[in-house]
>>> print(open('upload_16.cif').read())   # mmCIF, C-alpha atoms
data_structure
#
loop_
_atom_site.label_atom_id
_atom_site.label_comp_id
_atom_site.auth_asym_id
_atom_site.auth_seq_id
_atom_site.Cartn_x
_atom_site.Cartn_y
_atom_site.Cartn_z
CA MET A 1 -4.59 -5.23 -17.17
CA ILE A 2 -3.92 -4.48 -13.50
CA TYR A 3 -1.66 -6.89 -11.64
CA VAL A 4 -2.71 -7.66 -8.07
CA ILE A 5 0.19 -8.84 -5.89
CA GLY A 6 -0.47 -10.15 -2.43
CA ASP A 7 -1.76 -12.74 -0.04
CA SER A 8 -4.83 -14.94 -0.34
CA HIS A 9 -7.07 -11.89 -0.67
CA THR A 10 -5.87 -11.58 -4.25
CA ARG A 11 -8.27 -14.45 -5.04
CA SER A 12 -11.17 -12.00 -5.00
CA PHE A 13 -9.80 -10.52 -8.26
CA ALA A 14 -9.58 -13.87 -10.09
CA ASN A 15 -12.91 -13.69 -11.91
CA ASN A 16 -12.43 -10.20 -13.32
CA HIS A 17 -10.70 -10.02 -16.70
CA ASN A 18 -9.29 -6.55 -15.85
CA PHE A 19 -7.09 -7.98 -13.09
CA PHE A 20 -4.31 -10.58 -12.96
CA PRO A 21 -3.76 -11.81 -9.38
CA LEU A 22 -0.26 -12.91 -8.33
CA PHE A 23 -0.34 -14.87 -5.06
CA ILE A 24 2.98 -14.54 -3.20
CA GLY A 25 2.07 -16.41 -0.02
CA PRO A 26 -0.32 -16.58 2.91
CA GLY A 27 -1.01 -13.44 4.90
CA LYS A 28 0.33 -14.94 8.11
CA GLU A 29 3.74 -15.29 6.42
CA MET A 30 3.71 -12.30 4.03
CA CYS A 31 3.32 -9.65 6.69
CA PHE A 32 4.97 -6.78 8.49
CA ILE A 33 5.09 -8.13 12.06
CA SER A 34 8.75 -9.18 12.05
CA ASP A 35 11.92 -8.37 10.15
CA ALA A 36 12.17 -11.97 8.92
CA HIS A 37 8.63 -11.89 7.50
CA LEU A 38 9.20 -8.46 5.98
CA ASN A 39 12.42 -9.57 4.29
CA GLU A 40 10.67 -12.58 2.75
CA LEU A 41 7.81 -10.34 1.63
CA LYS A 42 10.23 -7.93 -0.05
CA LYS A 43 12.00 -10.81 -1.78
CA ARG A 44 8.77 -12.24 -3.19
CA VAL A 45 7.38 -8.86 -4.27
CA SER A 46 10.66 -8.05 -6.03
CA ALA A 47 10.58 -11.39 -7.85
CA ALA A 48 6.99 -10.81 -8.97
CA LEU A 49 7.74 -7.28 -10.20
CA LYS A 50 10.69 -8.52 -12.29
CA ASN A 51 8.27 -10.53 -14.42
CA LEU A 52 6.06 -7.54 -15.29
CA GLU A 53 6.51 -5.10 -18.12
CA ASP A 54 7.74 -1.60 -17.29
CA ASN A 55 5.06 0.77 -15.99
CA ALA A 56 2.52 -2.03 -15.53
CA PRO A 57 -0.22 -0.98 -13.11
CA VAL A 58 0.10 -2.87 -9.81
CA LEU A 59 -2.25 -3.12 -6.84
CA PHE A 60 -0.84 -4.52 -3.60
CA VAL A 61 -3.23 -6.50 -1.42
CA LEU A 62 -1.30 -6.95 1.82
CA GLY A 63 -1.51 -6.18 5.50
CA GLU A 64 -5.11 -7.04 6.35
CA PRO A 65 -4.09 -9.98 8.58
CA ASP A 66 -1.55 -7.72 10.33
CA THR A 67 -4.19 -5.10 11.01
CA ARG A 68 -6.76 -7.62 12.24
CA TYR A 69 -4.15 -9.27 14.48
CA TYR A 70 -3.21 -6.03 16.22
CA LEU A 71 -6.80 -4.80 16.50
CA GLY A 72 -7.57 -7.97 18.44
CA LYS A 73 -4.90 -7.25 21.04
#
>>> encode(input="upload_16.cif", output="structure tokens")
Amino acid sequence: MIYVIGDSHTRSFANNHNFFPLFIGPGKEMCFISDAHLNELKKRVSAALKNLEDNAPVLFVLGEPDTRYYLGK
């Protein structure tokens, strides 16, 4: 089982029995564009990781909205 932690893009893993998606919030809020957003992101990721067994494989699905936002500028 691979845990997928991230924004709404984690939904794409929902129908695959090899993955367990953990939605931590929308990409516009769970992002890297401000210190406040980053601090909330770190808090939610830390909370999600506390619920996993040691050495569980984790895939982070984050940052796509940030990238798209800055590419558009």
>>> resolve_selection(input="upload_16.cif", expression="the PyMOL selection byres ((chain A and resi 7) around 7)", output="list in words")
Gly6, Ser8, His9, Thr10, Phe23, Ile24, Gly25, Pro26, Gly27, Met30, Val61 and Leu62 of chain A
>>> write_last_selection(input="upload_16.cif", atoms="C-alpha atoms", output="compact mmCIF listing (two decimals), in the frame of the given file")
# COMPACT_ATOMS: atom_id res chain seq x y z
CA GLY A 6 -0.47 -10.15 -2.43
CA SER A 8 -4.83 -14.94 -0.34
CA HIS A 9 -7.07 -11.89 -0.67
CA THR A 10 -5.87 -11.58 -4.25
CA PHE A 23 -0.34 -14.87 -5.06
CA ILE A 24 2.98 -14.54 -3.20
CA GLY A 25 2.07 -16.41 -0.02
CA PRO A 26 -0.32 -16.58 2.91
CA GLY A 27 -1.01 -13.44 4.90
CA MET A 30 3.71 -12.30 4.03
CA VAL A 61 -3.23 -6.50 -1.42
CA LEU A 62 -1.30 -6.95 1.82
>>> resolve_selection(input="upload_16.cif", expression="the PyMOL selection byres ((chain A and resi 22) around 6)", output="list in words")
Val4, Ile5, Pro21 and Phe23 of chain A
>>> write_last_selection(input="upload_16.cif", atoms="C-alpha atoms", output="PDB file, in the frame of the given file")
ATOM      1  CA  VAL A   4      -2.710  -7.660  -8.070  1.00  0.00           C
ATOM      2  CA  ILE A   5       0.190  -8.840  -5.890  1.00  0.00           C
ATOM      3  CA  PRO A  21      -3.760 -11.810  -9.380  1.00  0.00           C
ATOM      4  CA  PHE A  23      -0.340 -14.870  -5.060  1.00  0.00           C
TER       5      PHE A  23
END
>>> closest_residue(input="upload_16.cif", among="A:Asn15, A:Tyr3, A:Gly63, A:Leu71", to="His37 (chain A)", atoms="all atoms listed in the file")
A:Gly63
>>> resolve_selection(input="upload_16.cif", expression="the PyMOL selection byres ((chain A and resi 52-54) around 12)", output="list in words")
Met1, Ile2, Tyr3, Val4, Ile5, Phe20, Leu22, Val45, Ser46, Ala47, Ala48, Leu49, Lys50, Asn51, Asn55, Ala56, Pro57 and Val58 of chain A
>>> atom_distance(input="upload_16.cif", atom1="CA of Thr67 (chain A)", atom2="CA of Asn18 (chain A)")
27.4 Å
>>> atom_distance(input="upload_16.cif", atom1="CA of Phe19 (chain A)", atom2="CA of Asn39 (chain A)")
26.2 Å
>>> closest_residue(input="upload_16.cif", among="A:Gly72, A:His17, A:Lys42, A:Phe60", to="Glu29 (chain A)", atoms="only C-alpha atoms")
A:Lys42
>>> atom_distance(input="upload_16.cif", atom1="CA of Pro65 (chain A)", atom2="CA of Arg11 (chain A)")
14.9 Å
>>> decode(input="upload_16.cif", residues="region 6-18 of chain A", atoms="all heavy atoms", output="PDB file, in the first residue's frame")
ATOM      1  N   GLY A   6      -1.983  14.704  -0.330  1.00  0.00           N
ATOM      2  CA  GLY A   6      -1.958  15.912  -1.129  1.00  0.00           C
ATOM      3  C   GLY A   6      -3.291  16.585  -1.320  1.00  0.00           C
ATOM      4  O   GLY A   6      -4.242  16.375  -0.562  1.00  0.00           O
ATOM      5  N   ASP A   7      -3.333  17.382  -2.380  1.00  0.00           N
ATOM      6  CA  ASP A   7      -4.512  18.169  -2.700  1.00  0.00           C
ATOM      7  C   ASP A   7      -5.499  17.326  -3.496  1.00  0.00           C
ATOM      8  O   ASP A   7      -5.448  16.097  -3.475  1.00  0.00           O
ATOM      9  CB  ASP A   7      -4.100  19.445  -3.440  1.00  0.00           C
ATOM     10  CG  ASP A   7      -3.299  19.169  -4.716  1.00  0.00           C
ATOM     11  OD1 ASP A   7      -3.451  18.072  -5.301  1.00  0.00           O
ATOM     12  OD2 ASP A   7      -2.541  20.055  -5.139  1.00  0.00           O
ATOM     13  N   SER A   8      -6.406  17.970  -4.186  1.00  0.00           N
ATOM     14  CA  SER A   8      -7.473  17.261  -4.886  1.00  0.00           C
ATOM     15  C   SER A   8      -6.963  16.289  -5.950  1.00  0.00           C
ATOM     16  O   SER A   8      -7.682  15.380  -6.355  1.00  0.00           O
ATOM     17  CB  SER A   8      -8.438  18.259  -5.531  1.00  0.00           C
ATOM     18  OG  SER A   8      -7.761  19.060  -6.480  1.00  0.00           O
ATOM     19  N   HIS A   9      -5.740  16.440  -6.382  1.00  0.00           N
ATOM     20  CA  HIS A   9      -5.185  15.533  -7.387  1.00  0.00           C
ATOM     21  C   HIS A   9      -4.975  14.120  -6.838  1.00  0.00           C
ATOM     22  O   HIS A   9      -4.759  13.189  -7.603  1.00  0.00           O
ATOM     23  CB  HIS A   9      -3.875  16.091  -7.944  1.00  0.00           C
ATOM     24  CG  HIS A   9      -4.095  17.325  -8.763  1.00  0.00           C
ATOM     25  ND1 HIS A   9      -3.323  17.646  -9.852  1.00  0.00           N
ATOM     26  CD2 HIS A   9      -4.998  18.312  -8.669  1.00  0.00           C
ATOM     27  CE1 HIS A   9      -3.749  18.783 -10.373  1.00  0.00           C
ATOM     28  NE2 HIS A   9      -4.761  19.202  -9.660  1.00  0.00           N
ATOM     29  N   THR A  10      -5.067  13.975  -5.523  1.00  0.00           N
ATOM     30  CA  THR A  10      -4.974  12.630  -4.952  1.00  0.00           C
ATOM     31  C   THR A  10      -6.160  11.762  -5.360  1.00  0.00           C
ATOM     32  O   THR A  10      -6.079  10.543  -5.307  1.00  0.00           O
ATOM     33  CB  THR A  10      -4.901  12.670  -3.412  1.00  0.00           C
ATOM     34  OG1 THR A  10      -6.080  13.277  -2.895  1.00  0.00           O
ATOM     35  CG2 THR A  10      -3.678  13.423  -2.935  1.00  0.00           C
ATOM     36  N   ARG A  11      -7.255  12.396  -5.790  1.00  0.00           N
ATOM     37  CA  ARG A  11      -8.444  11.646  -6.216  1.00  0.00           C
ATOM     38  C   ARG A  11      -8.142  10.689  -7.356  1.00  0.00           C
ATOM     39  O   ARG A  11      -8.793   9.658  -7.486  1.00  0.00           O
ATOM     40  CB  ARG A  11      -9.556  12.596  -6.651  1.00  0.00           C
ATOM     41  CG  ARG A  11     -10.165  13.368  -5.518  1.00  0.00           C
ATOM     42  CD  ARG A  11     -11.257  14.251  -6.028  1.00  0.00           C
ATOM     43  NE  ARG A  11     -10.713  15.197  -6.993  1.00  0.00           N
ATOM     44  CZ  ARG A  11     -11.264  16.355  -7.302  1.00  0.00           C
ATOM     45  NH1 ARG A  11     -12.391  16.707  -6.755  1.00  0.00           N
ATOM     46  NH2 ARG A  11     -10.706  17.162  -8.168  1.00  0.00           N
ATOM     47  N   SER A  12      -7.171  11.013  -8.176  1.00  0.00           N
ATOM     48  CA  SER A  12      -6.871  10.153  -9.320  1.00  0.00           C
ATOM     49  C   SER A  12      -6.336   8.790  -8.886  1.00  0.00           C
ATOM     50  O   SER A  12      -6.294   7.863  -9.689  1.00  0.00           O
ATOM     51  CB  SER A  12      -5.877  10.840 -10.261  1.00  0.00           C
ATOM     52  OG  SER A  12      -4.651  11.070  -9.599  1.00  0.00           O
ATOM     53  N   PHE A  13      -5.966   8.633  -7.630  1.00  0.00           N
ATOM     54  CA  PHE A  13      -5.455   7.361  -7.113  1.00  0.00           C
ATOM     55  C   PHE A  13      -6.545   6.534  -6.418  1.00  0.00           C
ATOM     56  O   PHE A  13      -6.298   5.419  -5.978  1.00  0.00           O
ATOM     57  CB  PHE A  13      -4.317   7.607  -6.122  1.00  0.00           C
ATOM     58  CG  PHE A  13      -3.111   8.229  -6.742  1.00  0.00           C
ATOM     59  CD1 PHE A  13      -2.977   9.607  -6.836  1.00  0.00           C
ATOM     60  CD2 PHE A  13      -2.090   7.439  -7.251  1.00  0.00           C
ATOM     61  CE1 PHE A  13      -1.863  10.183  -7.417  1.00  0.00           C
ATOM     62  CE2 PHE A  13      -0.967   8.002  -7.834  1.00  0.00           C
ATOM     63  CZ  PHE A  13      -0.859   9.380  -7.916  1.00  0.00           C
ATOM     64  N   ALA A  14      -7.751   7.071  -6.323  1.00  0.00           N
ATOM     65  CA  ALA A  14      -8.806   6.461  -5.510  1.00  0.00           C
ATOM     66  C   ALA A  14      -9.263   5.092  -6.006  1.00  0.00           C
ATOM     67  O   ALA A  14      -9.670   4.263  -5.206  1.00  0.00           O
ATOM     68  CB  ALA A  14     -10.002   7.402  -5.416  1.00  0.00           C
ATOM     69  N   ASN A  15      -9.207   4.837  -7.275  1.00  0.00           N
ATOM     70  CA  ASN A  15      -9.726   3.578  -7.812  1.00  0.00           C
ATOM     71  C   ASN A  15      -8.655   2.517  -8.020  1.00  0.00           C
ATOM     72  O   ASN A  15      -8.896   1.532  -8.712  1.00  0.00           O
ATOM     73  CB  ASN A  15     -10.469   3.843  -9.127  1.00  0.00           C
ATOM     74  CG  ASN A  15     -11.715   4.661  -8.901  1.00  0.00           C
ATOM     75  OD1 ASN A  15     -12.408   4.481  -7.910  1.00  0.00           O
ATOM     76  ND2 ASN A  15     -11.988   5.583  -9.806  1.00  0.00           N
ATOM     77  N   ASN A  16      -7.503   2.704  -7.427  1.00  0.00           N
ATOM     78  CA  ASN A  16      -6.412   1.742  -7.539  1.00  0.00           C
ATOM     79  C   ASN A  16      -6.142   1.161  -6.155  1.00  0.00           C
ATOM     80  O   ASN A  16      -5.797   1.895  -5.231  1.00  0.00           O
ATOM     81  CB  ASN A  16      -5.163   2.424  -8.100  1.00  0.00           C
ATOM     82  CG  ASN A  16      -4.049   1.465  -8.398  1.00  0.00           C
ATOM     83  OD1 ASN A  16      -3.781   0.552  -7.627  1.00  0.00           O
ATOM     84  ND2 ASN A  16      -3.376   1.688  -9.510  1.00  0.00           N
ATOM     85  N   HIS A  17      -6.298  -0.135  -6.006  1.00  0.00           N
ATOM     86  CA  HIS A  17      -6.159  -0.759  -4.684  1.00  0.00           C
ATOM     87  C   HIS A  17      -4.730  -0.716  -4.127  1.00  0.00           C
ATOM     88  O   HIS A  17      -4.519  -1.027  -2.968  1.00  0.00           O
ATOM     89  CB  HIS A  17      -6.662  -2.205  -4.724  1.00  0.00           C
ATOM     90  CG  HIS A  17      -5.809  -3.122  -5.534  1.00  0.00           C
ATOM     91  ND1 HIS A  17      -5.924  -3.232  -6.899  1.00  0.00           N
ATOM     92  CD2 HIS A  17      -4.815  -3.959  -5.170  1.00  0.00           C
ATOM     93  CE1 HIS A  17      -5.033  -4.113  -7.341  1.00  0.00           C
ATOM     94  NE2 HIS A  17      -4.351  -4.564  -6.316  1.00  0.00           N
ATOM     95  N   ASN A  18      -3.754  -0.311  -4.941  1.00  0.00           N
ATOM     96  CA  ASN A  18      -2.367  -0.200  -4.468  1.00  0.00           C
ATOM     97  C   ASN A  18      -2.085   1.123  -3.756  1.00  0.00           C
ATOM     98  O   ASN A  18      -1.035   1.293  -3.156  1.00  0.00           O
ATOM     99  CB  ASN A  18      -1.390  -0.332  -5.636  1.00  0.00           C
ATOM    100  CG  ASN A  18      -1.444  -1.700  -6.256  1.00  0.00           C
ATOM    101  OD1 ASN A  18      -1.414  -2.699  -5.552  1.00  0.00           O
ATOM    102  ND2 ASN A  18      -1.554  -1.755  -7.576  1.00  0.00           N
TER     103      ASN A  18
END
